[in-house]
>>> print(open('input28.csv').read())   # CSV, C-alpha atoms
chain,number,residue,atom,x,y,z
A,203,MET,CA,5.1,-23.0,-5.0
A,204,ASN,CA,6.2,-20.7,-7.9
A,205,LEU,CA,8.6,-17.8,-7.4
A,206,PRO,CA,6.0,-14.9,-7.3
A,207,ASN,CA,4.1,-16.7,-4.5
A,208,GLN,CA,7.4,-17.4,-2.7
A,209,LEU,CA,8.2,-13.6,-2.8
A,210,THR,CA,4.7,-12.8,-1.5
A,211,SER,CA,5.1,-15.4,1.3
A,212,LEU,CA,8.5,-14.0,2.1
A,213,ARG,CA,7.0,-10.5,2.3
A,214,ILE,CA,4.4,-11.6,4.7
A,215,LEU,CA,7.0,-13.4,6.9
A,216,LEU,CA,9.2,-10.3,7.0
A,217,MET,CA,6.4,-7.9,8.0
A,218,PRO,CA,6.4,-8.6,11.7
A,219,LEU,CA,10.2,-8.0,11.9
A,220,THR,CA,9.9,-4.9,9.7
A,221,PHE,CA,7.2,-3.4,11.8
A,222,TYR,CA,9.0,-4.2,15.1
A,223,LEU,CA,12.2,-2.4,13.8
A,224,VAL,CA,10.3,0.6,12.3
A,225,PHE,CA,8.3,1.2,15.5
A,226,GLN,CA,11.5,1.6,17.6
A,227,ASN,CA,12.8,5.0,18.6
A,228,SER,CA,16.4,3.9,18.1
A,229,PRO,CA,17.9,5.4,14.9
A,230,SER,CA,19.9,2.2,14.0
A,231,LEU,CA,16.9,-0.1,14.6
A,232,PHE,CA,14.6,2.2,12.6
A,233,LEU,CA,17.1,2.4,9.8
A,234,SER,CA,17.3,-1.4,9.6
A,235,GLY,CA,13.5,-1.5,9.5
A,236,TYR,CA,13.4,1.2,6.9
A,237,VAL,CA,15.8,-0.7,4.6
A,238,LEU,CA,13.8,-3.9,5.2
A,239,ALA,CA,10.6,-2.1,4.4
A,240,THR,CA,12.1,-0.8,1.2
A,241,LEU,CA,13.0,-4.4,0.2
A,242,VAL,CA,9.6,-5.6,1.1
A,243,GLY,CA,8.1,-2.9,-1.1
A,244,PHE,CA,10.3,-4.1,-4.0
A,245,THR,CA,9.1,-7.7,-3.6
A,246,ASP,CA,5.6,-6.4,-4.1
A,247,TYR,CA,6.5,-5.1,-7.5
A,248,PHE,CA,8.6,-8.0,-8.6
A,249,ASP,CA,6.2,-10.8,-7.6
A,250,GLY,CA,3.4,-9.2,-9.7
A,251,TYR,CA,5.8,-8.5,-12.6
A,252,LEU,CA,7.2,-12.1,-12.6
A,253,ALA,CA,3.7,-13.6,-12.4
A,254,ARG,CA,2.4,-11.6,-15.4
A,255,ARG,CA,5.6,-11.8,-17.4
A,256,TYR,CA,5.9,-15.6,-17.2
A,257,GLY,CA,2.1,-16.4,-17.1
A,258,ILE,CA,2.2,-18.0,-13.6
A,259,VAL,CA,-0.7,-16.1,-12.1
A,260,THR,CA,-2.4,-18.3,-9.5
A,261,LYS,CA,-5.6,-18.0,-7.4
A,262,PHE,CA,-3.3,-18.1,-4.3
A,263,GLY,CA,-1.2,-15.2,-5.6
A,264,LYS,CA,-4.3,-13.2,-6.7
A,265,PHE,CA,-5.7,-13.5,-3.2
A,266,LEU,CA,-2.5,-13.2,-1.1
A,267,ASP,CA,-0.6,-10.5,-2.9
A,268,PRO,CA,-3.2,-7.7,-2.6
A,269,LEU,CA,-3.9,-8.7,0.9
A,270,ALA,CA,-0.2,-8.5,1.9
A,271,ASP,CA,0.1,-5.2,0.2
A,272,LYS,CA,-2.9,-3.7,2.0
A,273,ILE,CA,-1.7,-4.9,5.5
A,274,PHE,CA,1.7,-3.6,4.9
A,275,VAL,CA,0.7,-0.1,3.6
A,276,VAL,CA,-2.2,0.4,6.1
A,277,ILE,CA,-0.1,-0.5,9.2
A,278,LEU,CA,2.7,1.9,8.1
A,279,PHE,CA,0.2,4.7,7.4
A,280,LEU,CA,-1.4,4.2,10.8
A,281,TYR,CA,2.1,4.3,12.3
A,282,PHE,CA,2.8,7.7,10.6
A,283,LEU,CA,-0.6,8.9,11.7
A,284,SER,CA,0.3,8.1,15.3
A,285,LEU,CA,3.4,10.4,14.8
A,286,HIS,CA,1.2,13.2,13.4
A,287,ALA,CA,3.1,12.9,10.1
A,288,LEU,CA,-0.2,12.3,8.1
A,289,PRO,CA,-3.6,13.8,8.5
A,290,SER,CA,-6.3,11.5,9.8
A,291,TRP,CA,-8.7,12.2,6.9
A,292,PHE,CA,-6.0,10.8,4.6
A,293,VAL,CA,-5.6,7.5,6.5
A,294,ILE,CA,-9.4,7.1,6.9
A,295,LEU,CA,-9.7,7.5,3.1
A,296,VAL,CA,-7.1,4.9,2.5
A,297,LEU,CA,-8.8,2.5,4.9
A,298,ILE,CA,-12.2,3.0,3.3
A,299,ARG,CA,-10.7,2.4,-0.1
A,300,GLU,CA,-8.9,-0.8,0.9
A,301,LEU,CA,-12.0,-2.2,2.8
A,302,ALA,CA,-14.2,-1.4,-0.2
A,303,MET,CA,-11.8,-3.1,-2.6
A,304,THR,CA,-11.5,-6.2,-0.4
A,305,ASP,CA,-15.3,-6.5,-0.3
A,306,LEU,CA,-15.5,-5.9,-4.1
A,307,ARG,CA,-12.9,-8.6,-4.7
A,308,ILE,CA,-15.0,-11.1,-2.7
A,309,LEU,CA,-18.2,-10.2,-4.6
A,310,VAL,CA,-16.4,-10.4,-8.0
A,311,ARG,CA,-14.9,-13.8,-7.1
A,312,GLN,CA,-18.3,-15.2,-6.2
A,313,GLU,CA,-19.3,-14.4,-9.8
A,314,ARG,CA,-16.2,-16.3,-11.1
A,315,ARG,CA,-14.6,-13.1,-12.3
A,316,ASP,CA,-11.4,-11.3,-11.4
A,317,ILE,CA,-10.5,-7.7,-10.9
A,318,ARG,CA,-7.7,-6.9,-13.3
A,319,VAL,CA,-5.2,-4.3,-11.9
A,320,ASN,CA,-5.2,-1.2,-14.2
A,321,LEU,CA,-2.9,1.8,-14.5
A,322,LEU,CA,-4.8,3.8,-11.8
A,323,GLY,CA,-4.3,0.9,-9.3
A,324,LYS,CA,-0.6,0.6,-10.2
A,325,ARG,CA,0.0,4.3,-9.8
A,326,LYS,CA,-1.8,4.3,-6.5
A,327,ALA,CA,0.5,1.6,-5.2
A,328,LEU,CA,3.6,3.3,-6.6
A,329,PHE,CA,2.9,6.7,-5.0
A,330,GLN,CA,1.9,5.0,-1.7
A,331,TYR,CA,5.3,3.4,-1.5
A,332,ILE,CA,7.1,6.7,-2.5
A,333,LEU,CA,5.2,8.5,0.2
A,334,LEU,CA,6.1,5.9,2.8
A,335,PHE,CA,9.7,6.1,1.7
A,336,HIS,CA,9.7,9.9,2.1
A,337,LEU,CA,8.0,9.7,5.5
A,338,GLY,CA,10.5,7.1,6.6
A,339,PHE,CA,13.4,9.2,5.6
A,340,LEU,CA,12.0,12.2,7.5
A,341,ARG,CA,11.4,10.0,10.5
A,342,TRP,CA,15.0,8.8,10.5
A,343,LEU,CA,16.3,12.4,10.3
A,344,GLU,CA,14.1,13.2,13.3
A,345,LEU,CA,15.5,10.2,15.2
A,346,ILE,CA,19.1,11.2,14.6
A,347,HIS,CA,18.2,14.7,15.6
A,348,GLU,CA,19.2,16.1,12.2
A,349,PRO,CA,16.5,18.7,11.6
A,350,LEU,CA,15.9,19.9,8.1
A,351,LEU,CA,16.6,23.6,8.0
A,352,GLY,CA,15.4,26.4,5.7
A,353,LEU,CA,14.9,25.5,2.1
A,354,ALA,CA,15.5,21.8,2.6
A,355,ARG,CA,12.7,21.7,5.2
A,356,ASN,CA,10.3,23.6,2.9
A,357,VAL,CA,11.1,21.2,0.0
A,358,ALA,CA,10.6,18.2,2.2
A,359,LEU,CA,7.2,19.4,3.5
A,360,PHE,CA,6.1,20.4,0.0
A,361,THR,CA,7.1,17.0,-1.3
A,362,LYS,CA,5.1,15.3,1.4
A,363,GLU,CA,2.0,17.4,0.8
A,364,PHE,CA,2.3,16.8,-3.0
A,365,LEU,CA,2.6,13.0,-2.5
A,366,VAL,CA,-0.4,13.0,-0.1
A,367,ILE,CA,-2.4,14.8,-2.9
A,368,LEU,CA,-1.2,12.3,-5.5
A,369,VAL,CA,-2.0,9.3,-3.4
A,370,THR,CA,-5.4,10.8,-2.5
A,371,PHE,CA,-6.2,11.3,-6.2
A,372,PHE,CA,-5.2,7.8,-7.2
A,373,THR,CA,-6.9,6.3,-4.2
A,374,VAL,CA,-10.2,7.9,-5.0
A,375,PHE,CA,-10.2,7.5,-8.7
A,376,SER,CA,-9.0,3.9,-8.7
A,377,MET,CA,-11.7,3.0,-6.3
A,378,VAL,CA,-14.4,4.8,-8.4
A,379,TYR,CA,-13.0,3.1,-11.5
A,380,TYR,CA,-13.1,-0.4,-10.0
A,381,LEU,CA,-16.6,0.1,-8.6
A,382,TRP,CA,-17.9,1.4,-11.9
A,383,MET,CA,-16.3,-1.4,-13.9
A,384,ASN,CA,-18.0,-3.9,-11.6
A,385,ARG,CA,-21.3,-2.1,-11.3
A,386,ASP,CA,-23.3,-5.0,-12.8
A,387,ILE,CA,-22.2,-7.2,-9.9
A,388,LEU,CA,-22.9,-4.5,-7.3
A,389,TRP,CA,-26.3,-3.8,-8.8
A,390,LYS,CA,-27.2,-7.5,-8.8
A,391,LYS,CA,-26.1,-7.8,-5.1
A,392,GLU,CA,-28.2,-4.7,-4.3
A,393,LEU,CA,-31.3,-6.3,-5.9
A,394,THR,CA,-30.7,-9.6,-4.1
A,395,ILE,CA,-30.5,-7.8,-0.7
A,396,SER,CA,-33.6,-5.8,-1.4
>>> encode(input="input28.csv", output="structure tokens")
Amino acid sequence: MNLPNQLTSLRILLMPLTFYLVFQNSPSLFLSGYVLATLVGFTDYFDGYLARRYGIVTKFGKFLDPLADKIFVVILFLYFLSLHALPSWFVILVLIRELAMTDLRILVRQERRDIRVNLLGKRKALFQYILLFHLGFLRWLELIHEPLLGLARNVALFTKEFLVILVTFFTVFSMVYYLWMNRDILWKKELTIS
């Protein structure tokens, strides 16, 4: 197994421990989970970078890497939704996009093609991780009973709202782009079903 696939596998193995720690109401356990989640997020970047840089992209990696990323991000967004840190419409939109992309990947693979990650998809992932990092920091401050006061609170809330808007933009437009670029396959499937 090559290094990018090893990093993806490591990320999957670390997820249960990460989620367990993050879901705790203990500041120290949450902080440990927060640090681990940040490391898990970095492995998502590095495994893809290494695979492309050294030309060791495999079918296993192309399947497992996006799946691991989706599971990680969606579960954390659902966690922050349960804390009322995110609006429900936002999490529903993310879920719709990820389910649509999973279905599209299956259809595209049946046609012996691949979905190449483009700039929109990369930016979507980047801003998702930045939003999660920001939400995690705010959650840790809440757990240690260190409220943000005055200007700092306003900046933190503005930053969160701005990141939600950015993630929403890239979520919608990356999905539209991928669907449009694979419209021939979708059209063929629609004709087959009809």
>>> closest_residue(input="input28.csv", among="A:Leu285, A:Ala327, A:Leu231, A:Leu238", to="A:Lys272", atoms="all atoms listed in the file")
A:Ala327
>>> closest_residue(input="input28.csv", among="A:Val374, A:Val259, A:Leu351, A:Val275", to="A:Leu295", atoms="all atoms listed in the file")
A:Val374
>>> residues_around(input="input28.csv", residues="stretch 359-367 of chain A", least_positions_apart="2", cutoff="8 Å", atoms="all atoms listed in the file", output="short mmCIF file (atom, residue, chain, number, x, y, z; two decimals) with C-alpha atoms, in the coordinates of the input")
data_model
loop_
_atom_site.label_atom_id
_atom_site.label_comp_id
_atom_site.auth_asym_id
_atom_site.auth_seq_id
_atom_site.Cartn_x
_atom_site.Cartn_y
_atom_site.Cartn_z
CA PHE A 292 -6.00 10.80 4.60
CA PHE A 329 2.90 6.70 -5.00
CA ILE A 332 7.10 6.70 -2.50
CA LEU A 333 5.20 8.50 0.20
CA HIS A 336 9.70 9.90 2.10
CA LEU A 337 8.00 9.70 5.50
CA ARG A 355 12.70 21.70 5.20
CA ASN A 356 10.30 23.60 2.90
CA VAL A 357 11.10 21.20 0.00
CA VAL A 369 -2.00 9.30 -3.40
CA THR A 370 -5.40 10.80 -2.50
CA PHE A 371 -6.20 11.30 -6.20
#
>>> closest_residue(input="input28.csv", among="A:Ser228, A:Ser290, A:Leu297, A:Asn207", to="A:Leu343", atoms="only C-alpha atoms")
A:Ser228
>>> closest_residue(input="input28.csv", among="A:His286, A:Gly235, A:Phe372, A:Leu216", to="A:Leu321", atoms="all atoms listed in the file")
A:Phe372
>>> residues_around(input="input28.csv", residues="stretch 380-383 of chain A", least_positions_apart="6", cutoff="12 Å", atoms="all atoms listed in the file", output="ChimeraX atom specification")
/A:299-300,302-307,309-310,315-323,372-374,389
>>> closest_residue(input="input28.csv", among="A:Arg385, A:Ala287, A:Val224, A:Tyr331", to="A:Leu368", atoms="all atoms listed in the file")
A:Tyr331
>>> closest_residue(input="input28.csv", among="A:Ala253, A:Ile387, A:Met377, A:Leu334", to="A:Gln208", atoms="all atoms listed in the file")
A:Ala253
>>> atom_distance(input="input28.csv", atom1="atom CA of A:Asp267", atom2="atom CA of A:Lys324")
13.3 Å
>>> residues_around(input="input28.csv", residues="A:Gly250", least_positions_apart="5", cutoff="10 Å", atoms="all atoms listed in the file", output="count of residues only")
12
>>> atom_distance(input="input28.csv", atom1="atom CA of A:Thr240", atom2="atom CA of A:Gln330")
12.1 Å
>>> atom_distance(input="input28.csv", atom1="atom CA of A:Ser230", atom2="atom CA of A:Pro349")
17.0 Å
>>> residues_near_point(input="input28.csv", point="(10.3, 5.3, 20.1)", cutoff="12 Å", atoms="all atoms listed in the file", output="PyMOL selection string")
chain A and resi 222-232+281+284-285+341-342+344-346
